[in-house]
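**Q** Below you'll find the structure I mean.
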Amino acid sequence: MPHLPTGDAGAVELDLIPAHLIAPRLRRLAFGAVGVGVVIGLIVGVFTGPGVGSLVAVVIALPTALSALLATRRRMWMSGTVIHTHSGVRTKSVDLADAVSAEMLVRSGRVSQVALKVGDGNRQVTVPLALYTDDGGRELEVLPLRALADGLVSGELAPAVAMSTVLIGQLRCEARGAGLEERPLYRAVRLAREANRIPQTVLTDDEVVGLTE
């Protein structure tokens with residue numbers, strides 16, 4: 001599993017759900033896919049021969065198992081103003097100081113997600129900020145929120161500054177233990193639901209600003 005760069009003491013993890021929490025489930029999914037593939041391959045092999053059975057087993061098991069194992073290696077972190085995302089195969093980086101686009105994405109459903117999507121004109125990264133269900137949720141912790149808020153104001157992009165204001169508002173709510181209804185990120189989900197903009201929408205700049213009013 002990739003780790004934060006050892007030479008950068010200021011690196012901040014941005015993973016909303018830490019890898020160690022989901023890795024066991026993903027490994028079980030990979031092993032389960034292999035098991036199903038082997039069983040079906042054996043059954044097919046009885047009627048068509050071992051060659052075809054082996055091929056069927058690989059076709060069934062490989063995509064799911066490989067995807068699950070790669071997912072255990074995915075990481076996201078921030079060094080200074082630069083966001084790095086590791087997909088399990090390669091690493092992509094975007095410097096918030098050079099951002100030319102910044103959007104707040106809201107996906108509404110049984111599990112709703114709020115995310116920051118930012119690009120420098122060549123690459124884009126999406127940072128999940130919060131997940132909500134009907135009875136609670138999980139939000140990005142204080143340190144990564146603070147790092148993102150600071151990074152977003154390092155450039156001159158107005159939407160990025162507005163996003164930073166939302167994250168600062170979220171931090172203030174966290175500091176005083178405010179309920180979900182007061183938190184800007186949850187208000188983004190509520191806005192999308194009330195406007196029936198489902199399953200996914202991008203908030204306008206005015207809507208982003210309104211989350212902290």
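In the structure tokens, chains take letters A, B, ... by order of appearance, with residues numbered from 1 within each chain and ligands from 1 in the order shown.
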List the spatial neighbours of A:Gly151 as a ChimeraX atom specification - criterion: any atom at most 6 Å away, only C-alpha atoms, same-chain residues fewer than 3 positions off excluded.

**A** /A:81,96,148,154

**Q** What are the DSSP strand (DSSP E or B) residues of chain A, as a ChimeraX atom specification?

**A** /A:12-13,75-79,82-86,91-95,101-107,112-119,124-133,136-139,200-202

**Q** Restricting the calculation to only C-alpha atoms, which member of A:Gly136, A:Arg197, A:Glu103, A:Val94 is positioned closest to A:Gly179?

**A**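 Between A:Gly136, A:Arg197, A:Glu103, A:Val94, the residue approaching A:Gly179 most closely is A:Gly136.
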
**Q** Would you kindly return, as a list in words, each protein, DNA or RNA residue with an atom no farther than 7 Å from any atom of A:Ser164, considering only C-alpha atoms and excluding same-chain residues fewer than 4 positions away?

**A**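 Neighbouring residues, sequence-local ones excluded: Ala149, Leu152, Val153, Ala160 and Ile168 of chain A.
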
**Q** I'd like the neighbourhood of A:Val127 as number ranges by chain, where a residue qualifies if any of its atoms comes within 12 Å (using only C-alpha atoms), though same-chain residues fewer than 3 positions away should be ignored.

**A** A: 13-17, 75-78, 83-85, 94, 102-106, 113-119, 124, 130-131, 139-140, 144-145, 148

**Q** Can you write out the residues you just picked, keeping N, CA and C atoms, as a tab-separated table (two decimals), in the first residue's frame?

**A**
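File written: selection14.tsv
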chain	number	residue	atom	x	y	z
A	13	GLU	N	-2.96	13.74	4.66
A	13	GLU	CA	-3.83	12.77	4.01
A	13	GLU	C	-5.20	13.38	3.74
A	14	LEU	N	-5.74	13.10	2.55
A	14	LEU	CA	-7.04	13.64	2.16
A	14	LEU	C	-8.10	12.55	2.00
A	15	ASP	N	-7.76	11.32	2.35
A	15	ASP	CA	-8.72	10.23	2.20
A	15	ASP	C	-9.88	10.40	3.17
A	16	LEU	N	-11.08	10.49	2.64
A	16	LEU	CA	-12.27	10.61	3.49
A	16	LEU	C	-12.47	9.34	4.32
A	17	ILE	N	-12.28	8.19	3.67
A	17	ILE	CA	-12.32	6.90	4.37
A	17	ILE	C	-10.93	6.31	4.29
A	75	ARG	N	-4.76	6.29	-2.87
A	75	ARG	CA	-4.48	7.24	-1.80
A	75	ARG	C	-4.61	8.66	-2.35
A	76	MET	N	-4.86	9.59	-1.45
A	76	MET	CA	-4.92	11.01	-1.82
A	76	MET	C	-4.28	11.80	-0.70
A	77	TRP	N	-3.40	12.73	-1.05
A	77	TRP	CA	-2.75	13.54	-0.03
A	77	TRP	C	-2.40	14.91	-0.61
A	78	MET	N	-1.98	15.79	0.26
A	78	MET	CA	-1.68	17.17	-0.13
A	78	MET	C	-0.33	17.56	0.42
A	83	ILE	N	-2.33	18.83	-4.63
A	83	ILE	CA	-3.08	17.62	-4.34
A	83	ILE	C	-2.54	16.50	-5.20
A	84	HIS	N	-2.24	15.36	-4.56
A	84	HIS	CA	-1.76	14.18	-5.27
A	84	HIS	C	-2.79	13.06	-5.11
A	85	THR	N	-3.09	12.37	-6.19
A	85	THR	CA	-3.97	11.21	-6.13
A	85	THR	C	-3.25	10.02	-6.74
A	94	VAL	N	-2.28	18.07	-8.95
A	94	VAL	CA	-2.82	19.37	-9.36
A	94	VAL	C	-2.46	20.39	-8.28
A	102	ALA	N	-12.87	25.25	-10.32
A	102	ALA	CA	-13.17	24.67	-9.01
A	102	ALA	C	-14.68	24.54	-8.90
A	103	GLU	N	-15.15	23.33	-8.65
A	103	GLU	CA	-16.58	23.06	-8.58
A	103	GLU	C	-16.92	22.23	-7.35
A	104	MET	N	-18.14	22.41	-6.87
A	104	MET	CA	-18.63	21.56	-5.79
A	104	MET	C	-19.65	20.60	-6.38
A	105	LEU	N	-19.35	19.31	-6.31
A	105	LEU	CA	-20.22	18.28	-6.84
A	105	LEU	C	-21.04	17.68	-5.71
A	106	VAL	N	-22.32	17.45	-5.97
A	106	VAL	CA	-23.19	16.82	-4.98
A	106	VAL	C	-23.88	15.64	-5.63
A	113	GLN	N	-23.01	12.28	-1.38
A	113	GLN	CA	-21.61	12.68	-1.32
A	113	GLN	C	-21.45	14.13	-1.77
A	114	VAL	N	-20.57	14.85	-1.08
A	114	VAL	CA	-20.16	16.19	-1.49
A	114	VAL	C	-18.68	16.12	-1.80
A	115	ALA	N	-18.28	16.67	-2.95
A	115	ALA	CA	-16.88	16.58	-3.36
A	115	ALA	C	-16.43	17.89	-4.00
A	116	LEU	N	-15.13	18.13	-3.92
A	116	LEU	CA	-14.49	19.27	-4.58
A	116	LEU	C	-13.79	18.77	-5.83
A	117	LYS	N	-14.11	19.37	-6.97
A	117	LYS	CA	-13.44	19.03	-8.23
A	117	LYS	C	-12.65	20.24	-8.69
A	118	VAL	N	-11.35	20.07	-8.86
A	118	VAL	CA	-10.50	21.20	-9.21
A	118	VAL	C	-9.55	20.80	-10.33
A	119	GLY	N	-9.28	21.74	-11.25
A	119	GLY	CA	-8.40	21.45	-12.37
A	119	GLY	C	-7.47	22.60	-12.67
A	124	GLN	N	-7.39	17.12	-13.70
A	124	GLN	CA	-8.42	17.39	-12.71
A	124	GLN	C	-8.36	16.33	-11.61
A	130	ALA	N	-17.41	14.81	2.06
A	130	ALA	CA	-18.34	14.29	3.06
A	130	ALA	C	-19.24	13.24	2.44
A	131	LEU	N	-19.67	12.29	3.28
A	131	LEU	CA	-20.67	11.29	2.92
A	131	LEU	C	-21.78	11.36	3.96
A	139	GLU	N	-17.39	13.09	7.59
A	139	GLU	CA	-16.85	14.31	6.98
A	139	GLU	C	-15.33	14.29	7.06
A	140	LEU	N	-14.70	14.96	6.12
A	140	LEU	CA	-13.25	15.07	6.12
A	140	LEU	C	-12.80	15.72	7.43
A	144	PRO	N	-7.11	18.05	7.12
A	144	PRO	CA	-7.22	18.14	5.66
A	144	PRO	C	-8.17	19.24	5.19
A	145	LEU	N	-9.24	19.50	5.93
A	145	LEU	CA	-10.12	20.61	5.56
A	145	LEU	C	-9.37	21.93	5.61
A	148	LEU	N	-6.95	22.17	2.65
A	148	LEU	CA	-7.66	22.49	1.42
A	148	LEU	C	-8.10	23.94	1.39

**Q** Taking 3 positions as the minimum chain separation for residues in the same chain, which residues sit within 10 Å of stretch 48-57 of chain A when counting only C-alpha atoms? Answer as an MDAnalysis selection string.

**A** chainID A and resid 33:45 60:62

**Q** For the residues in the current selection, export all heavy atoms as a short mmCIF file (atom, residue, chain, number, x, y, z; two decimals), in the first residue's frame.

**A**
data_model
loop_
_atom_site.label_atom_id
_atom_site.label_comp_id
_atom_site.auth_asym_id
_atom_site.auth_seq_id
_atom_site.Cartn_x
_atom_site.Cartn_y
_atom_site.Cartn_z
N ALA A 33 -14.46 -13.04 -5.74
CA ALA A 33 -14.55 -13.06 -7.20
C ALA A 33 -13.74 -14.21 -7.77
O ALA A 33 -14.16 -14.89 -8.72
CB ALA A 33 -14.06 -11.72 -7.76
N VAL A 34 -12.55 -14.44 -7.20
CA VAL A 34 -11.72 -15.56 -7.66
C VAL A 34 -12.44 -16.88 -7.40
O VAL A 34 -12.47 -17.78 -8.26
CB VAL A 34 -10.36 -15.54 -6.96
CG1 VAL A 34 -9.58 -16.82 -7.26
CG2 VAL A 34 -9.55 -14.32 -7.39
N GLY A 35 -13.06 -17.01 -6.21
CA GLY A 35 -13.77 -18.23 -5.88
C GLY A 35 -14.92 -18.51 -6.83
O GLY A 35 -15.09 -19.65 -7.31
N VAL A 36 -15.70 -17.49 -7.12
CA VAL A 36 -16.83 -17.66 -8.05
C VAL A 36 -16.32 -18.03 -9.44
O VAL A 36 -16.88 -18.90 -10.11
CB VAL A 36 -17.66 -16.36 -8.10
CG1 VAL A 36 -18.68 -16.43 -9.24
CG2 VAL A 36 -18.36 -16.12 -6.77
N GLY A 37 -15.26 -17.35 -9.86
CA GLY A 37 -14.69 -17.65 -11.18
C GLY A 37 -14.21 -19.08 -11.29
O GLY A 37 -14.44 -19.77 -12.30
N VAL A 38 -13.55 -19.58 -10.23
CA VAL A 38 -13.05 -20.96 -10.24
C VAL A 38 -14.21 -21.96 -10.31
O VAL A 38 -14.17 -22.93 -11.09
CB VAL A 38 -12.19 -21.22 -9.00
CG1 VAL A 38 -11.89 -22.71 -8.86
CG2 VAL A 38 -10.88 -20.44 -9.09
N VAL A 39 -15.24 -21.72 -9.50
CA VAL A 39 -16.37 -22.65 -9.48
C VAL A 39 -17.06 -22.70 -10.83
O VAL A 39 -17.33 -23.79 -11.38
CB VAL A 39 -17.38 -22.23 -8.38
CG1 VAL A 39 -18.67 -23.03 -8.51
CG2 VAL A 39 -16.77 -22.44 -7.00
N ILE A 40 -17.35 -21.53 -11.39
CA ILE A 40 -18.02 -21.50 -12.70
C ILE A 40 -17.12 -22.09 -13.78
O ILE A 40 -17.57 -22.81 -14.68
CB ILE A 40 -18.45 -20.06 -13.05
CG1 ILE A 40 -19.51 -19.59 -12.06
CG2 ILE A 40 -18.97 -20.00 -14.48
CD1 ILE A 40 -19.97 -18.16 -12.30
N GLY A 41 -15.82 -21.79 -13.67
CA GLY A 41 -14.88 -22.35 -14.65
C GLY A 41 -14.83 -23.85 -14.61
O GLY A 41 -14.76 -24.52 -15.65
N LEU A 42 -14.88 -24.43 -13.40
CA LEU A 42 -14.88 -25.89 -13.28
C LEU A 42 -16.14 -26.49 -13.89
O LEU A 42 -16.09 -27.53 -14.57
CB LEU A 42 -14.77 -26.27 -11.80
CG LEU A 42 -13.40 -26.03 -11.14
CD1 LEU A 42 -13.48 -26.28 -9.65
CD2 LEU A 42 -12.34 -26.93 -11.79
N ILE A 43 -17.28 -25.85 -13.63
CA ILE A 43 -18.54 -26.36 -14.19
C ILE A 43 -18.52 -26.31 -15.71
O ILE A 43 -18.88 -27.28 -16.40
CB ILE A 43 -19.73 -25.55 -13.64
CG1 ILE A 43 -19.87 -25.77 -12.12
CG2 ILE A 43 -21.03 -25.93 -14.36
CD1 ILE A 43 -20.89 -24.88 -11.46
N VAL A 44 -18.07 -25.16 -16.24
CA VAL A 44 -17.99 -25.03 -17.70
C VAL A 44 -16.99 -26.03 -18.27
O VAL A 44 -17.21 -26.64 -19.33
CB VAL A 44 -17.60 -23.59 -18.08
CG1 VAL A 44 -17.33 -23.48 -19.59
CG2 VAL A 44 -18.70 -22.62 -17.69
N GLY A 45 -15.88 -26.24 -17.54
CA GLY A 45 -14.84 -27.14 -18.02
C GLY A 45 -15.30 -28.58 -18.14
O GLY A 45 -14.82 -29.33 -18.99
N ILE A 60 -14.29 -14.10 -15.65
CA ILE A 60 -15.21 -13.75 -14.57
C ILE A 60 -14.47 -13.14 -13.38
O ILE A 60 -14.91 -12.14 -12.80
CB ILE A 60 -16.00 -15.00 -14.11
CG1 ILE A 60 -16.97 -15.43 -15.22
CG2 ILE A 60 -16.76 -14.73 -12.81
CD1 ILE A 60 -17.69 -16.72 -14.92
N ALA A 61 -13.35 -13.72 -13.00
CA ALA A 61 -12.69 -13.32 -11.76
C ALA A 61 -11.78 -12.11 -11.91
O ALA A 61 -11.73 -11.26 -11.01
CB ALA A 61 -11.88 -14.50 -11.22
N LEU A 62 -11.05 -12.03 -13.01
CA LEU A 62 -9.97 -11.04 -13.12
C LEU A 62 -10.42 -9.59 -12.99
O LEU A 62 -9.84 -8.83 -12.20
CB LEU A 62 -9.19 -11.25 -14.41
CG LEU A 62 -7.94 -10.37 -14.58
CD1 LEU A 62 -6.96 -10.65 -13.45
CD2 LEU A 62 -7.29 -10.61 -15.93
#

**Q** Measuring between only C-alpha atoms, which one of A:Arg123, A:Leu167, A:Arg176, A:Ala158 shows the shortest distance to A:Leu143?

**A**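 Closest to A:Leu143 of all the choices is A:Leu167.
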
**Q** Using only C-alpha atoms, which of the listed residues (A:Val82, A:Arg146, A:Ala195, A:Gly137) sits closest to A:Arg183?

**A**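 Among the listed residues, A:Gly137 lies closest to A:Arg183.
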
**Q** Output as a PyMOL selection string all residues of chain A that backbone DSSP marks as helix (DSSP H, G or I).

**A** chain A and resi 19-48+50-71+96-98+142-152+158-175+180-182+184-194+205-210

**Q** Quick one: of A:Val142, A:Ala175, A:Val166, A:Leu180, who's nearest to A:Val208, counting only C-alpha atoms?

**A**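 Using only C-alpha atoms, the shortest distance to A:Val208 belongs to A:Val166.
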
**Q** For A:Val111, which residue among A:Leu157, A:Phe47, A:Gln200, A:Asp95 is the nearest when counting only C-alpha atoms?

**A** A:Gln200

**Q** Please compute the atom CA of A:Val189-atom CA of A:Arg172 distance, one decimal, in Å.

**A**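 These atoms are spaced 18.5 Å apart.
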
**Q** Any idea what the distance is between atom CA of A:Gly80 and atom CA of A:Gly10?

**A**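 Calculated distance between atom CA of A:Gly80 and atom CA of A:Gly10 is 7.1 Å.
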
**Q** Need the shell around A:Gly169: protein/DNA/RNA residues with any atom at most 10 Å away, counting only C-alpha atoms. Skip same-chain ones fewer than 6 positions apart. Format as a ChimeraX atom specification?

**A** /A:163,175,182-185,211-213
